[in-house]
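A short write-up of the structure that comes next.
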Amino acid sequence: AGAQASGGHMANCIVDGKVSFGSQQQWCCRSVQMGDHDYGAWSNVFVDCIGGPDTTSLKEVDGRTVAVTVDLEPKVTVEKPFVSMDIETDKYYLHVPQPRMREEGQGPLGPDLAGSTDEKRCFSKVFVACANVPDPTPNDTKNTKQDL
């Protein structure tokens with residue numbers, strides 16, 4: 001939450017208490033499980049959320065009209081790739097989450113904190129870009145079988 005800001009995004013998390021959007025112009029929640037929320041933003045978007053509103057509407061909140069857009073059942077949700085470290089081996093891994101598909105009527109899936117379908121790649125097979133190193137050509141990564 002902030003006193004003066006343009007907007008925000010929160011994804012793939014669980015908030016036991018109330019989510020306060022502050023005075024944002026727009027706010028987007030995706031795959032969030034929340035206890036409650038305050039419609040603090042002028043434009044509120046809830047995608048695949050548990051505990052958020054159920055329908056798209058205009059709401060009167062504290063004397064102002066806020067827009068609420070809701071998609072409880074997106075056909076596909078995908079998390080961004082992220083890096084982790086195995087503390088027992090001191091090795092790094094790139095996790096590539098797989099798309100989560102849903103059937104109509106299934107309802108929101110909410111956050112995927114387990115990552116049980118993530119593709120886990122050893123970091124030695126990942127090309128890490130550096131500012132002082134020229135960009136690799138497709139043949140460079142093809143020959144070393146590295147992910148970009």
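Simple scheme: letters A, B, ... for chains in structure tokens order, numbers from 1 for residues in each chain, numbers from 1 for ligands in the order shown.
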
Q: For range 39-52 of chain A, list every protein, DNA or RNA residue within 7 Å, evaluated using only C-alpha atoms, and leave out those in the same chain fewer than 5 positions away; present the list as a count of residues only.
A: 27

Q: Please provide as an MDAnalysis selection string all residues within 10 Å of range 79-86 of chain A, with the sequence filter that same-chain residues fewer than 6 positions apart are discarded (counting only C-alpha atoms).
A: chainID A and resid 11:12 30:31 92:100 111:112 115 118:123

(Q) I need the residues in chain A that are strand (DSSP E) according to DSSP; give them as a VMD selection string. (A) chain A and resid 7 to 19 26 to 37 43 to 47 57 to 61 64 to 71 76 to 77 82 to 86 91 to 96 100 to 101 119 to 122

Q. When you draw a straight line from CA of Glu103 in chain A to CA of Val19 in chain A, how long is it in Å?
A. 28.3 Å

Q.
If DSSP is run on the backbone, what residues of range 1-146 of chain A are helix (DSSP H, G or I)? A reply as a PyMOL selection string would be ideal.
A. chain A and resi 123-125+138-144

Q: Measure the distance from CA of Met101 in chain A to CA of Lys18 in chain A in Å and round it to one decimal.
A: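 We find that CA of Met101 in chain A and CA of Lys18 in chain A lie 28.2 Å from each other.
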